[in-house]
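Everything on this sheet refers to the single structure shown next.
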Amino acid sequence: GTLALIQAARTVAAGWAERALVVAPVAELSPVETEALRRTGAMAHEHFRDEPARMCRPFDAARQGFVRGEGAAALVLEHPHAARRRGAPVLAEITGHGQRLDARRGTEPDADGQAAAMRAALATAGLEPADIDYVNAHGTGSVLGDTTEAASLTAVFGTRPSLRVNSTKPLTGHCLSAAGLIEAAATVAQLRAGTVHPNVNLERPDTAVPLAGRTAEHLPLRTALSNSFAFGGINASVVIRLPDPRP
């Protein structure tokens with residue numbers, strides 16, 4: 001989903017199209033694919049089975065893996081001039097994006113590759129880490145994945161108290177190939193509301209990353225980063241910003 005969003009942003013910015021419809025359909029897994037994910041240890045299992053809403057626990061000490069979600073998303077990307085011509089409200093802008101393939105085999109993530117994608121997104125947006133108010137983390141709830149992302153976030157942003165980091169996956173589940181686009185939409189919604197949603201299952205954080213707590217928090221948000229880090233070292237980040245209020 002995030003890679004499709006980046007490709008659409010490039011298409012519009014290059015003038016190849018005035019607008020693009022980006023669609024991320026529901027990811028349907030076969031029984032074999034589901035079992036393969038279970039055997040890698042990526043999926044949550046035993047703990048909290050009697051309380052399924054508590055099973056997805058990004059950045060929590062009791063996390064055991066991701067919980068599959070079923071969801072889809074669609075976003076329209078449009079050149080500002082085209083949007084103004086037809087009187088369409090601009091909800092947010094994609095001002096930067098970064099994509100890095102760190103050539104990892106299998107499921108083991110790499111913090112350097114993730115940090116490179118985030119830094120590339122900031123560079124194309126012309127921003128510094130201090131300009132980011134909020135990060136929608138990949139945050140699947142996997143043991144190694146969250147530890148690695150916490151390390152990459154700390155490498156890029158430090159532990160700045162004013163930053164907030166959360167994961168949408170405890171609310172939606174991990175929607176796999178649709179996750180990045182769903183989380184981009186969630187990022188836009190939070191920017192426009194001036195509110196970060198809670199990390200609902202975060203009871204014992206095991207990182208110094210400045211995570212959102214278990215209740216929603218109102219903040220003066222303007223600029224956000226949304227991360228998607230997939231198997232095989234496919235890393236992508238997008239910078240999403242509220243439009244300039246000036247005409």
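Convention: chains lettered A, B, ... in structure tokens order; per-chain residue numbering from 1; ligands numbered from 1 as shown.
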
Which of segment 6-209 of chain A fall in helix (DSSP H, G or I), as number ranges by chain
A: 6-13, 31-39, 52-54, 80-85, 111-125, 129-131, 143-157, 169-172, 176-193

When DSSP is applied to the backbone of this structure, which of segment 23-243 of chain A are assigned strand (DSSP E)? Write them out as a PyMOL selection string.
chain A and resi 23-24+73-78+93-101+134-136+164-166+195-196+217-218+223-230+234-241

Mind pulling up the distance from atom CA of Leu176 of chain A to atom CA of Leu122 of chain A?
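One can read the atom CA of Leu122 of chain A to atom CA of Leu176 of chain A distance as 24.7 Å.
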
Give me the segment 146-193 of chain A side of the contact with segment 85-107 of chain A, cut-off 12 Å, one line per residue showing its nearest atom pair and distance in Å at one decimal, counting only C-alpha atoms, sorted by chain and residue number, as a Markdown table.
```
| residue | atom | partner | partner_atom | distance |
| --- | --- | --- | --- | --- |
| A:Thr148 | CA | A:Thr107 | CA | 12.0 |
| A:Ala184 | CA | A:Ile94 | CA | 9.9 |
| A:Ala185 | CA | A:Ala92 | CA | 9.8 |
| A:Ala186 | CA | A:Ala92 | CA | 11.6 |
| A:Thr187 | CA | A:Ala92 | CA | 9.6 |
| A:Val188 | CA | A:Ala92 | CA | 6.4 |
| A:Ala189 | CA | A:Leu91 | CA | 8.7 |
| A:Gln190 | CA | A:Ala92 | CA | 10.8 |
| A:Leu191 | CA | A:Ala92 | CA | 8.4 |
| A:Arg192 | CA | A:Leu91 | CA | 7.6 |
| A:Ala193 | CA | A:Leu91 | CA | 11.2 |
```
